[in-house]
>>> print(open('input_22.cif').read())   # mmCIF, C-alpha atoms (C1' of nucleotides)
data_work
loop_
_atom_site.group_PDB
_atom_site.id
_atom_site.type_symbol
_atom_site.label_atom_id
_atom_site.label_comp_id
_atom_site.auth_asym_id
_atom_site.auth_seq_id
_atom_site.Cartn_x
_atom_site.Cartn_y
_atom_site.Cartn_z
ATOM 1 C CA MET A 45 0.000 0.000 0.000
ATOM 2 C CA CYS A 46 1.074 3.545 -0.567
ATOM 3 C CA HIS A 47 0.985 6.325 1.955
ATOM 4 C CA HIS A 48 -0.963 9.140 0.445
ATOM 5 C CA GLU A 49 -4.498 8.390 1.486
ATOM 6 C CA ARG A 50 -5.370 12.009 1.690
ATOM 7 C CA MET A 51 -4.143 12.853 -1.730
ATOM 8 C CA SER A 52 -6.176 10.165 -3.414
ATOM 9 C CA ASN A 53 -9.328 11.758 -2.101
ATOM 10 C CA VAL A 54 -8.491 15.282 -3.070
ATOM 11 C CA ARG A 55 -10.748 16.431 -5.884
ATOM 12 C CA THR A 56 -8.136 17.988 -8.104
ATOM 13 C CA PRO A 57 -9.847 19.420 -11.165
ATOM 14 C CA LEU A 58 -9.550 16.964 -13.996
ATOM 15 C CA PRO A 59 -8.503 17.802 -17.513
ATOM 16 C CA VAL A 60 -10.995 16.942 -20.174
ATOM 17 C CA LEU A 61 -12.012 13.303 -20.217
ATOM 18 C CA GLN A 62 -12.847 12.173 -23.682
ATOM 19 C CA PRO A 63 -15.651 9.615 -23.723
ATOM 20 C CA THR A 64 -14.151 6.361 -24.921
ATOM 21 C CA GLY A 65 -17.033 5.601 -27.204
ATOM 22 C CA VAL A 66 -19.564 3.970 -24.937
ATOM 23 C CA GLU A 67 -22.700 4.293 -26.992
ATOM 24 C CA PRO A 68 -26.213 3.207 -26.018
ATOM 25 C CA CYS A 69 -25.074 -0.253 -27.071
ATOM 26 C CA CYS A 70 -28.254 -2.253 -27.071
ATOM 27 C CA PRO A 71 -31.967 -2.317 -26.422
ATOM 28 C CA PRO A 72 -33.250 -4.027 -23.277
ATOM 29 C CA LEU A 73 -32.457 -7.716 -23.270
ATOM 30 C CA ALA A 74 -36.119 -8.628 -23.098
ATOM 31 C CA GLU A 75 -37.380 -6.261 -25.775
ATOM 32 C CA ARG A 76 -36.558 -8.406 -28.768
ATOM 33 C CA PRO A 77 -34.004 -11.075 -29.674
ATOM 34 C CA PHE A 78 -30.577 -9.521 -29.960
ATOM 35 C CA THR A 79 -28.834 -9.445 -33.297
ATOM 36 C CA PRO A 80 -25.397 -11.049 -33.428
ATOM 37 C CA GLU A 81 -23.808 -7.597 -33.386
ATOM 38 C CA GLU A 82 -25.756 -6.432 -30.381
ATOM 39 C CA ALA A 83 -24.996 -9.675 -28.598
ATOM 40 C CA GLU A 84 -21.316 -9.189 -29.290
ATOM 41 C CA ARG A 85 -21.329 -5.734 -27.750
ATOM 42 C CA ALA A 86 -23.358 -6.727 -24.726
ATOM 43 C CA ALA A 87 -21.249 -9.823 -24.128
ATOM 44 C CA ARG A 88 -18.087 -7.741 -24.141
ATOM 45 C CA MET A 89 -19.382 -5.630 -21.283
ATOM 46 C CA PHE A 90 -20.657 -8.581 -19.295
ATOM 47 C CA LYS A 91 -17.495 -10.537 -19.879
ATOM 48 C CA ALA A 92 -15.370 -7.711 -18.539
ATOM 49 C CA LEU A 93 -17.282 -7.964 -15.276
ATOM 50 C CA GLY A 94 -17.242 -11.743 -15.353
ATOM 51 C CA ASP A 95 -14.231 -12.012 -13.094
ATOM 52 C CA PRO A 96 -14.337 -11.559 -9.314
ATOM 53 C CA VAL A 97 -11.170 -9.502 -9.222
ATOM 54 C CA ARG A 98 -12.480 -7.172 -11.885
ATOM 55 C CA VAL A 99 -15.797 -6.813 -10.105
ATOM 56 C CA ARG A 100 -13.962 -5.829 -6.943
ATOM 57 C CA LEU A 101 -11.751 -3.368 -8.765
ATOM 58 C CA PHE A 102 -14.694 -1.852 -10.570
ATOM 59 C CA SER A 103 -16.743 -1.648 -7.399
ATOM 60 C CA ALA A 104 -13.839 -0.139 -5.504
ATOM 61 C CA ILE A 105 -13.495 2.595 -8.090
ATOM 62 C CA ALA A 106 -17.191 3.189 -8.586
ATOM 63 C CA SER A 107 -17.853 3.503 -4.882
ATOM 64 C CA ARG A 108 -15.230 6.158 -4.371
ATOM 65 C CA GLU A 109 -16.444 9.691 -4.429
ATOM 66 C CA GLY A 110 -15.998 11.077 -7.891
ATOM 67 C CA GLY A 111 -15.934 7.543 -9.238
ATOM 68 C CA GLU A 112 -12.192 7.480 -9.507
ATOM 69 C CA ALA A 113 -9.213 6.015 -7.706
ATOM 70 C CA CYS A 114 -5.513 5.543 -8.204
ATOM 71 C CA VAL A 115 -4.181 2.040 -8.706
ATOM 72 C CA CYS A 116 -2.309 1.969 -5.430
ATOM 73 C CA ASP A 117 -5.524 2.554 -3.513
ATOM 74 C CA ILE A 118 -7.324 -0.458 -4.902
ATOM 75 C CA SER A 119 -4.613 -3.018 -5.503
ATOM 76 C CA ASP A 120 -5.104 -5.061 -2.349
ATOM 77 C CA VAL A 121 -7.387 -7.625 -3.906
ATOM 78 C CA GLY A 122 -5.207 -10.637 -3.326
ATOM 79 C CA VAL A 123 -3.364 -10.819 -6.622
ATOM 80 C CA SER A 124 -0.011 -9.453 -7.719
ATOM 81 C CA GLN A 125 0.272 -5.900 -8.830
ATOM 82 C CA PRO A 126 0.920 -6.759 -12.511
ATOM 83 C CA THR A 127 -2.230 -8.829 -12.426
ATOM 84 C CA VAL A 128 -4.176 -5.870 -11.116
ATOM 85 C CA SER A 129 -2.851 -3.840 -13.994
ATOM 86 C CA HIS A 130 -3.909 -6.555 -16.390
ATOM 87 C CA HIS A 131 -7.455 -6.552 -15.103
ATOM 88 C CA LEU A 132 -7.706 -2.788 -15.148
ATOM 89 C CA ARG A 133 -6.615 -2.868 -18.746
ATOM 90 C CA LYS A 134 -9.375 -5.316 -19.561
ATOM 91 C CA LEU A 135 -11.977 -3.105 -17.956
ATOM 92 C CA LYS A 136 -10.599 -0.171 -19.867
ATOM 93 C CA GLU A 137 -10.648 -2.037 -23.168
ATOM 94 C CA ALA A 138 -14.274 -2.932 -22.543
ATOM 95 C CA GLY A 139 -15.071 0.756 -22.210
ATOM 96 C CA LEU A 140 -16.009 0.550 -18.547
ATOM 97 C CA LEU A 141 -13.118 2.627 -17.291
ATOM 98 C CA THR A 142 -10.910 5.452 -18.430
ATOM 99 C CA SER A 143 -7.447 6.112 -17.084
ATOM 100 C CA GLU A 144 -5.278 9.136 -16.742
ATOM 101 C CA ARG A 145 -1.806 9.649 -15.412
ATOM 102 C CA ARG A 146 -1.542 12.401 -12.855
ATOM 103 C CA GLY A 147 2.046 12.749 -11.751
ATOM 104 C CA THR A 148 3.309 9.559 -10.237
ATOM 105 C CA TRP A 149 -0.011 7.833 -10.051
ATOM 106 C CA VAL A 150 -2.512 6.589 -12.575
ATOM 107 C CA TYR A 151 -6.145 7.248 -11.850
ATOM 108 C CA TYR A 152 -8.932 5.070 -13.152
ATOM 109 C CA ARG A 153 -12.388 6.462 -13.474
ATOM 110 C CA VAL A 154 -15.766 4.864 -14.051
ATOM 111 C CA GLU A 155 -17.262 5.909 -17.327
ATOM 112 C CA PRO A 156 -20.541 7.394 -16.067
ATOM 113 C CA SER A 157 -22.590 6.366 -19.065
ATOM 114 C CA VAL A 158 -21.616 2.749 -18.547
ATOM 115 C CA LEU A 159 -23.773 2.030 -15.552
ATOM 116 C CA ALA A 160 -26.647 3.759 -17.286
ATOM 117 C CA ALA A 161 -26.129 1.692 -20.416
ATOM 118 C CA MET A 162 -26.020 -1.561 -18.510
ATOM 119 C CA GLY A 163 -29.033 -0.539 -16.525
ATOM 120 C CA ALA A 164 -30.917 0.105 -19.725
ATOM 121 C CA LEU A 165 -29.885 -3.325 -20.925
ATOM 122 C CA LEU A 166 -31.784 -4.854 -18.050
ATOM 123 C CA GLY A 167 -34.587 -2.373 -18.548
ATOM 124 C CA SER A 168 -37.807 -2.485 -16.610
ATOM 125 C CA PRO A 169 -39.938 -4.111 -19.349
ATOM 126 C CA ALA A 170 -38.288 -7.366 -18.427
ATOM 127 C CA ALA A 171 -38.574 -7.169 -14.677
ATOM 128 C CA ALA A 172 -42.368 -7.218 -14.924
ATOM 129 C CA MET B 777 -36.163 -26.076 -36.986
ATOM 130 C CA CYS B 778 -39.265 -27.746 -35.704
ATOM 131 C CA HIS B 779 -42.809 -27.181 -36.929
ATOM 132 C CA HIS B 780 -44.923 -26.209 -33.979
ATOM 133 C CA GLU B 781 -44.658 -22.463 -33.961
ATOM 134 C CA ARG B 782 -48.126 -22.063 -32.661
ATOM 135 C CA MET B 783 -47.710 -24.431 -29.824
ATOM 136 C CA SER B 784 -44.621 -22.695 -28.505
ATOM 137 C CA ASN B 785 -46.660 -19.574 -28.019
ATOM 138 C CA VAL B 786 -49.579 -21.200 -26.297
ATOM 139 C CA ARG B 787 -49.655 -20.253 -22.629
ATOM 140 C CA THR B 788 -50.187 -23.675 -21.181
ATOM 141 C CA PRO B 789 -50.426 -23.377 -17.407
ATOM 142 C CA LEU B 790 -47.090 -24.276 -15.918
ATOM 143 C CA PRO B 791 -46.585 -26.556 -12.960
ATOM 144 C CA VAL B 792 -44.962 -24.984 -9.969
ATOM 145 C CA LEU B 793 -41.596 -23.436 -10.695
ATOM 146 C CA GLN B 794 -39.364 -23.558 -7.670
ATOM 147 C CA PRO B 795 -37.080 -20.545 -7.453
ATOM 148 C CA THR B 796 -33.545 -21.782 -8.020
ATOM 149 C CA GLY B 797 -32.087 -19.683 -5.270
ATOM 150 C CA VAL B 798 -31.424 -16.354 -6.880
ATOM 151 C CA GLU B 799 -31.153 -14.200 -3.795
ATOM 152 C CA PRO B 800 -30.643 -10.426 -3.679
ATOM 153 C CA CYS B 801 -26.991 -11.223 -4.339
ATOM 154 C CA CYS B 802 -25.302 -7.916 -3.842
ATOM 155 C CA PRO B 803 -25.628 -4.224 -3.097
ATOM 156 C CA PRO B 804 -25.219 -1.754 -5.935
ATOM 157 C CA LEU B 805 -21.757 -1.850 -7.441
ATOM 158 C CA ALA B 806 -21.108 1.763 -6.576
ATOM 159 C CA GLU B 807 -22.384 1.691 -3.014
ATOM 160 C CA ARG B 808 -19.249 0.328 -1.403
ATOM 161 C CA PRO B 809 -16.341 -1.915 -2.391
ATOM 162 C CA PHE B 810 -17.562 -5.452 -2.846
ATOM 163 C CA THR B 811 -16.361 -8.153 -0.529
ATOM 164 C CA PRO B 812 -14.704 -11.152 -2.174
ATOM 165 C CA GLU B 813 -17.872 -13.180 -1.654
ATOM 166 C CA GLU B 814 -20.133 -10.584 -3.207
ATOM 167 C CA ALA B 815 -17.742 -10.203 -6.097
ATOM 168 C CA GLU B 816 -17.804 -13.939 -6.649
ATOM 169 C CA ARG B 817 -21.576 -13.997 -6.858
ATOM 170 C CA ALA B 818 -21.821 -10.983 -9.111
ATOM 171 C CA ALA B 819 -19.086 -12.253 -11.394
ATOM 172 C CA ARG B 820 -20.905 -15.545 -11.845
ATOM 173 C CA MET B 821 -23.953 -13.776 -13.199
ATOM 174 C CA PHE B 822 -21.974 -11.471 -15.444
ATOM 175 C CA LYS B 823 -19.809 -14.289 -16.680
ATOM 176 C CA ALA B 824 -22.825 -16.296 -17.722
ATOM 177 C CA LEU B 825 -23.800 -13.453 -20.033
ATOM 178 C CA GLY B 826 -20.232 -12.916 -21.163
ATOM 179 C CA ASP B 827 -20.657 -14.906 -24.352
ATOM 180 C CA PRO B 828 -22.433 -13.659 -27.473
ATOM 181 C CA VAL B 829 -24.249 -16.916 -28.053
ATOM 182 C CA ARG B 830 -25.538 -16.964 -24.504
ATOM 183 C CA VAL B 831 -26.653 -13.361 -24.747
ATOM 184 C CA ARG B 832 -28.614 -14.188 -27.861
ATOM 185 C CA LEU B 833 -30.196 -17.248 -26.281
ATOM 186 C CA PHE B 834 -31.076 -15.345 -23.138
ATOM 187 C CA SER B 835 -32.478 -12.430 -25.094
ATOM 188 C CA ALA B 836 -34.462 -14.752 -27.320
ATOM 189 C CA ILE B 837 -36.078 -16.366 -24.307
ATOM 190 C CA ALA B 838 -36.582 -13.175 -22.327
ATOM 191 C CA SER B 839 -38.228 -11.388 -25.215
ATOM 192 C CA ARG B 840 -40.817 -14.082 -25.751
ATOM 193 C CA GLU B 841 -44.132 -13.550 -24.103
ATOM 194 C CA GLY B 842 -44.133 -15.317 -20.792
ATOM 195 C CA GLY B 843 -40.371 -15.236 -20.775
ATOM 196 C CA GLU B 844 -40.089 -18.797 -21.944
ATOM 197 C CA ALA B 845 -39.282 -20.723 -25.097
ATOM 198 C CA CYS B 846 -38.563 -24.238 -26.180
ATOM 199 C CA VAL B 847 -35.068 -25.054 -27.321
ATOM 200 C CA CYS B 848 -36.076 -25.713 -30.897
ATOM 201 C CA ASP B 849 -37.425 -22.192 -31.242
ATOM 202 C CA ILE B 850 -34.177 -20.489 -30.320
ATOM 203 C CA SER B 851 -31.514 -22.835 -31.602
ATOM 204 C CA ASP B 852 -30.731 -21.030 -34.822
ATOM 205 C CA VAL B 853 -27.865 -19.010 -33.455
ATOM 206 C CA GLY B 854 -25.210 -20.377 -35.751
ATOM 207 C CA VAL B 855 -23.776 -23.104 -33.574
ATOM 208 C CA SER B 856 -24.446 -26.813 -33.372
ATOM 209 C CA GLN B 857 -27.211 -28.292 -31.274
ATOM 210 C CA PRO B 858 -24.887 -29.685 -28.603
ATOM 211 C CA THR B 859 -23.314 -26.268 -28.274
ATOM 212 C CA VAL B 860 -26.694 -24.655 -27.770
ATOM 213 C CA SER B 861 -27.440 -27.214 -25.099
ATOM 214 C CA HIS B 862 -24.108 -26.487 -23.472
ATOM 215 C CA HIS B 863 -24.781 -22.763 -23.297
ATOM 216 C CA LEU B 864 -28.286 -23.213 -21.973
ATOM 217 C CA ARG B 865 -26.858 -25.382 -19.253
ATOM 218 C CA LYS B 866 -24.415 -22.658 -18.313
ATOM 219 C CA LEU B 867 -27.164 -20.097 -18.072
ATOM 220 C CA LYS B 868 -29.162 -22.497 -15.966
ATOM 221 C CA GLU B 869 -26.242 -23.239 -13.657
ATOM 222 C CA ALA B 870 -25.772 -19.517 -13.169
ATOM 223 C CA GLY B 871 -29.356 -19.263 -11.979
ATOM 224 C CA LEU B 872 -30.515 -17.156 -14.904
ATOM 225 C CA LEU B 873 -32.798 -19.772 -16.401
ATOM 226 C CA THR B 874 -34.922 -22.661 -15.325
ATOM 227 C CA SER B 875 -35.891 -25.541 -17.553
ATOM 228 C CA GLU B 876 -38.778 -27.914 -17.669
ATOM 229 C CA ARG B 877 -39.653 -30.772 -19.943
ATOM 230 C CA ARG B 878 -43.152 -30.615 -21.387
ATOM 231 C CA GLY B 879 -43.771 -33.631 -23.518
ATOM 232 C CA THR B 880 -41.331 -33.836 -26.357
ATOM 233 C CA TRP B 881 -39.911 -30.378 -25.837
ATOM 234 C CA VAL B 882 -37.866 -28.710 -23.157
ATOM 235 C CA TYR B 883 -38.818 -25.184 -22.222
ATOM 236 C CA TYR B 884 -36.416 -22.665 -20.784
ATOM 237 C CA ARG B 885 -37.713 -19.780 -18.742
ATOM 238 C CA VAL B 886 -36.131 -16.593 -17.498
ATOM 239 C CA GLU B 887 -35.923 -16.453 -13.752
ATOM 240 C CA PRO B 888 -37.909 -13.274 -13.145
ATOM 241 C CA SER B 889 -35.923 -12.145 -10.144
ATOM 242 C CA VAL B 890 -32.732 -12.262 -12.138
ATOM 243 C CA LEU B 891 -33.232 -9.134 -14.177
ATOM 244 C CA ALA B 892 -34.333 -7.332 -11.056
ATOM 245 C CA ALA B 893 -31.254 -8.487 -9.181
ATOM 246 C CA MET B 894 -28.913 -7.393 -11.941
ATOM 247 C CA GLY B 895 -30.741 -4.108 -12.242
ATOM 248 C CA ALA B 896 -30.250 -3.523 -8.538
ATOM 249 C CA LEU B 897 -26.571 -4.261 -8.987
ATOM 250 C CA LEU B 898 -26.274 -1.307 -11.312
ATOM 251 C CA GLY B 899 -28.523 0.736 -9.081
ATOM 252 C CA SER B 900 -29.142 4.395 -9.726
ATOM 253 C CA PRO B 901 -26.958 5.713 -6.874
ATOM 254 C CA ALA B 902 -24.014 5.060 -9.144
ATOM 255 C CA ALA B 903 -25.230 6.871 -12.218
ATOM 256 C CA ALA B 904 -25.012 10.204 -10.371
ATOM 257 C "C1'" DT C 896 22.233 12.901 -13.612
ATOM 258 C "C1'" DC C 897 20.951 9.391 -10.514
ATOM 259 C "C1'" DA C 898 18.338 6.652 -7.419
ATOM 260 C "C1'" DC C 899 13.745 5.523 -6.182
ATOM 261 C "C1'" DT C 900 8.814 4.490 -6.632
ATOM 262 C "C1'" DG C 901 4.647 3.403 -9.049
ATOM 263 C "C1'" DT C 902 2.851 1.248 -13.156
ATOM 264 C "C1'" DT C 903 2.793 -1.226 -17.430
ATOM 265 C "C1'" DT C 904 4.499 -4.632 -20.693
ATOM 266 C "C1'" DC C 905 6.550 -9.112 -21.871
ATOM 267 C "C1'" DG C 906 7.122 -14.148 -21.965
ATOM 268 C "C1'" DA C 907 6.022 -18.568 -20.103
ATOM 269 C "C1'" DT C 908 2.843 -21.770 -18.153
ATOM 270 C "C1'" DG C 909 -1.161 -24.079 -16.603
ATOM 271 C "C1'" DT C 910 -6.178 -23.838 -16.701
ATOM 272 C "C1'" DC C 911 -10.584 -22.779 -18.554
ATOM 273 C "C1'" DT C 912 -13.932 -22.363 -22.507
ATOM 274 C "C1'" DG C 913 -16.278 -22.879 -26.896
ATOM 275 C "C1'" DT C 914 -16.946 -25.947 -30.314
ATOM 276 C "C1'" DC C 915 -17.794 -30.125 -32.632
ATOM 277 C "C1'" DG C 916 -19.265 -35.174 -33.885
ATOM 278 C "C1'" DA C 917 -20.783 -39.274 -31.865
ATOM 279 C "C1'" DT C 918 -23.645 -41.306 -28.724
ATOM 280 C "C1'" DG C 919 -27.210 -41.698 -25.096
ATOM 281 C "C1'" DT C 920 -31.855 -40.598 -23.084
ATOM 282 C "C1'" DC C 921 -36.597 -39.347 -23.089
ATOM 283 C "C1'" DC C 922 -40.919 -38.879 -25.311
ATOM 284 C "C1'" DT C 923 -44.514 -39.653 -29.116
ATOM 285 C "C1'" DG C 924 -46.889 -42.109 -32.661
ATOM 286 C "C1'" DC C 925 -47.455 -46.167 -35.256
ATOM 287 C "C1'" DG D 591 -42.038 -52.860 -29.254
ATOM 288 C "C1'" DC D 592 -39.996 -49.923 -32.678
ATOM 289 C "C1'" DA D 593 -38.811 -45.902 -35.392
ATOM 290 C "C1'" DG D 594 -37.927 -41.170 -35.203
ATOM 291 C "C1'" DG D 595 -37.497 -36.522 -33.312
ATOM 292 C "C1'" DA D 596 -35.872 -33.424 -29.445
ATOM 293 C "C1'" DC D 597 -32.543 -32.663 -26.337
ATOM 294 C "C1'" DA D 598 -28.492 -33.902 -23.209
ATOM 295 C "C1'" DT D 599 -24.043 -35.884 -22.333
ATOM 296 C "C1'" DC D 600 -19.349 -37.440 -23.592
ATOM 297 C "C1'" DG D 601 -14.685 -37.012 -25.360
ATOM 298 C "C1'" DA D 602 -11.491 -34.417 -27.830
ATOM 299 C "C1'" DC D 603 -9.418 -30.435 -29.691
ATOM 300 C "C1'" DA D 604 -7.969 -25.459 -30.501
ATOM 301 C "C1'" DG D 605 -7.985 -21.052 -28.878
ATOM 302 C "C1'" DA D 606 -8.499 -17.857 -25.066
ATOM 303 C "C1'" DC D 607 -7.485 -16.560 -20.398
ATOM 304 C "C1'" DA D 608 -5.408 -15.789 -15.600
ATOM 305 C "C1'" DT D 609 -1.418 -15.606 -13.388
ATOM 306 C "C1'" DC D 610 3.196 -14.852 -12.255
ATOM 307 C "C1'" DG D 611 8.237 -12.979 -12.236
ATOM 308 C "C1'" DA D 612 11.311 -10.216 -14.698
ATOM 309 C "C1'" DA D 613 12.156 -6.331 -17.114
ATOM 310 C "C1'" DA D 614 10.959 -1.915 -19.224
ATOM 311 C "C1'" DC D 615 8.882 2.615 -18.728
ATOM 312 C "C1'" DA D 616 7.437 7.133 -16.564
ATOM 313 C "C1'" DG D 617 7.788 10.778 -12.933
ATOM 314 C "C1'" DT D 618 9.728 12.660 -8.739
ATOM 315 C "C1'" DG D 619 13.014 14.647 -5.989
ATOM 316 C "C1'" DA D 620 17.827 15.150 -4.547
#
>>> encode(input="input_22.cif", output="structure tokens")
Amino acid sequence: MCHHERMSNVRTPLPVLQPTGVEPCCPPLAERPFTPEEAERAARMFKALGDPVRVRLFSAIASREGGEACVCDISDVGVSQPTVSHHLRKLKEAGLLTSERRGTWVYYRVEPSVLAAMGALLGSPAAA
Amino acid sequence: MCHHERMSNVRTPLPVLQPTGVEPCCPPLAERPFTPEEAERAARMFKALGDPVRVRLFSAIASREGGEACVCDISDVGVSQPTVSHHLRKLKEAGLLTSERRGTWVYYRVEPSVLAAMGALLGSPAAA
DNA sequence: TCACTGTTTCGATGTCTGTCGATGTCCTGC
DNA sequence: GCAGGACATCGACAGACATCGAAACAGTGA
């Protein structure tokens, strides 16, 4: 663990964060049968969260105020540090996270539209 | 493909469907960092939907009225019949589907609480 | 410039997963 | 009982994946 707890919570103003291209993605799962393309997109998101370590990392970041955290603050999940980096990369590739280097540390941030998109995927029409 | 389109849409009264044990599972992802156990549960659900074929099968079933379909009505997803069976089994093992034999055909049904549970996982508090 | 720290990338290895054909099981109709 | 259709299981294979240690890279501060 690193020793800058305070700093990681400081809300330093962020430079512009370009949206990584997380579009609406898909209609609700229960609205109509997915096309192969839609299924591919949806599966990519689900797959990224299909690993316990990644779920913990994602949850750890999402639950922090501002929805961001530096790697050193979330890397005590029981696997080696390179492995943490590997998982964060996967989440990033899936469009669920963005990252940004700020001095020594790299901050990962939850793409806000992601949770909305996944929520829409499980839209209310199905829950009825 | 089989030739009983009409029958697959008939709402024959179903025998009792015992809930397969799909509990609340977890708090919203962004509420607090998940414990290892919570992460394990959540990852299992996500992982089950982390394959395009499974997403298509699940969507095909969920979008049918009544949330159920027989295998023969959804098996044109571009993979062999054993593979379809394999994927349906995975979805069932993950608690997302239940199955029931009705005469010649086997019907798969979306566990209603599942979509609600996953929706709760992505609960609104995060989207803020 | 140099040493130090935090993070990512690389290469190797063992495990898991998707896919298939062949075969088995269950049901229906003759 | 027997033939045939619907679906599940088995066994095998290729490709994908998780994981690690070692090494490379980026920034900081002296």
>>> atom_distance(input="input_22.cif", atom1="CA of Lys136 (chain A)", atom2="CA of Pro77 (chain A)")
27.6 Å
>>> interface_residues(input="input_22.cif", of="chain B", to="chain C", cutoff="10 Å", atoms="only C-alpha atoms (C1' of nucleotides)", output="list in words")
Asp827, Val855, Ser856, Gln857, Pro858, Thr859, His862, His863, Arg877, Arg878, Gly879, Thr880 and Trp881 of chain B
>>> interface_residues(input="input_22.cif", of="chain B", to="chain A", cutoff="7 Å", atoms="all atoms listed in the file", output="PDB file with C-alpha atoms, in the frame of the given file")
ATOM      1  CA  LEU B 805     -21.757  -1.850  -7.441  1.00  0.00           C
ATOM      2  CA  ALA B 806     -21.108   1.763  -6.576  1.00  0.00           C
ATOM      3  CA  GLU B 807     -22.384   1.691  -3.014  1.00  0.00           C
ATOM      4  CA  ARG B 808     -19.249   0.328  -1.403  1.00  0.00           C
ATOM      5  CA  PRO B 809     -16.341  -1.915  -2.391  1.00  0.00           C
ATOM      6  CA  PHE B 810     -17.562  -5.452  -2.846  1.00  0.00           C
ATOM      7  CA  ALA B 815     -17.742 -10.203  -6.097  1.00  0.00           C
ATOM      8  CA  GLU B 816     -17.804 -13.939  -6.649  1.00  0.00           C
ATOM      9  CA  ALA B 819     -19.086 -12.253 -11.394  1.00  0.00           C
ATOM     10  CA  ARG B 820     -20.905 -15.545 -11.845  1.00  0.00           C
ATOM     11  CA  PHE B 822     -21.974 -11.471 -15.444  1.00  0.00           C
ATOM     12  CA  LYS B 823     -19.809 -14.289 -16.680  1.00  0.00           C
ATOM     13  CA  LEU B 825     -23.800 -13.453 -20.033  1.00  0.00           C
ATOM     14  CA  GLY B 826     -20.232 -12.916 -21.163  1.00  0.00           C
ATOM     15  CA  ASP B 827     -20.657 -14.906 -24.352  1.00  0.00           C
ATOM     16  CA  PRO B 828     -22.433 -13.659 -27.473  1.00  0.00           C
ATOM     17  CA  VAL B 831     -26.653 -13.361 -24.747  1.00  0.00           C
ATOM     18  CA  ARG B 832     -28.614 -14.188 -27.861  1.00  0.00           C
ATOM     19  CA  SER B 835     -32.478 -12.430 -25.094  1.00  0.00           C
ATOM     20  CA  ALA B 836     -34.462 -14.752 -27.320  1.00  0.00           C
ATOM     21  CA  ALA B 838     -36.582 -13.175 -22.327  1.00  0.00           C
ATOM     22  CA  SER B 839     -38.228 -11.388 -25.215  1.00  0.00           C
ATOM     23  CA  PRO B 888     -37.909 -13.274 -13.145  1.00  0.00           C
ATOM     24  CA  LEU B 891     -33.232  -9.134 -14.177  1.00  0.00           C
ATOM     25  CA  ALA B 892     -34.333  -7.332 -11.056  1.00  0.00           C
ATOM     26  CA  GLY B 895     -30.741  -4.108 -12.242  1.00  0.00           C
ATOM     27  CA  LEU B 898     -26.274  -1.307 -11.312  1.00  0.00           C
ATOM     28  CA  ALA B 903     -25.230   6.871 -12.218  1.00  0.00           C
TER      29      ALA B 903
END
>>> closest_residue(input="input_22.cif", among="D:DA606, D:DG591, D:DA598, D:DA613", to="chain B", atoms="all atoms listed in the file")
D:DA598
>>> interface_residues(input="input_22.cif", of="chain D", to="chain B", cutoff="9 Å", atoms="all atoms listed in the file", output="list in words")
DG595, DA596, DC597, DA598 and DT599 of chain D
>>> decode(input="input_22.cif", residues="region 601-618 of chain D", atoms="C-alpha atoms (C1' of nucleotides)", output="PDB file, in the first residue's frame")
ATOM      1  C1'  DG D 601     -14.685 -37.012 -25.360  1.00  0.00           C
ATOM      2  C1'  DA D 602     -11.491 -34.417 -27.830  1.00  0.00           C
ATOM      3  C1'  DC D 603      -9.418 -30.435 -29.691  1.00  0.00           C
ATOM      4  C1'  DA D 604      -7.969 -25.459 -30.501  1.00  0.00           C
ATOM      5  C1'  DG D 605      -7.985 -21.052 -28.878  1.00  0.00           C
ATOM      6  C1'  DA D 606      -8.499 -17.857 -25.066  1.00  0.00           C
ATOM      7  C1'  DC D 607      -7.485 -16.560 -20.398  1.00  0.00           C
ATOM      8  C1'  DA D 608      -5.408 -15.789 -15.600  1.00  0.00           C
ATOM      9  C1'  DT D 609      -1.418 -15.606 -13.388  1.00  0.00           C
ATOM     10  C1'  DC D 610       3.196 -14.852 -12.255  1.00  0.00           C
ATOM     11  C1'  DG D 611       8.237 -12.979 -12.236  1.00  0.00           C
ATOM     12  C1'  DA D 612      11.311 -10.216 -14.698  1.00  0.00           C
ATOM     13  C1'  DA D 613      12.156  -6.331 -17.114  1.00  0.00           C
ATOM     14  C1'  DA D 614      10.959  -1.915 -19.224  1.00  0.00           C
ATOM     15  C1'  DC D 615       8.882   2.615 -18.728  1.00  0.00           C
ATOM     16  C1'  DA D 616       7.437   7.133 -16.564  1.00  0.00           C
ATOM     17  C1'  DG D 617       7.788  10.778 -12.933  1.00  0.00           C
ATOM     18  C1'  DT D 618       9.728  12.660  -8.739  1.00  0.00           C
TER      19       DT D 618
END
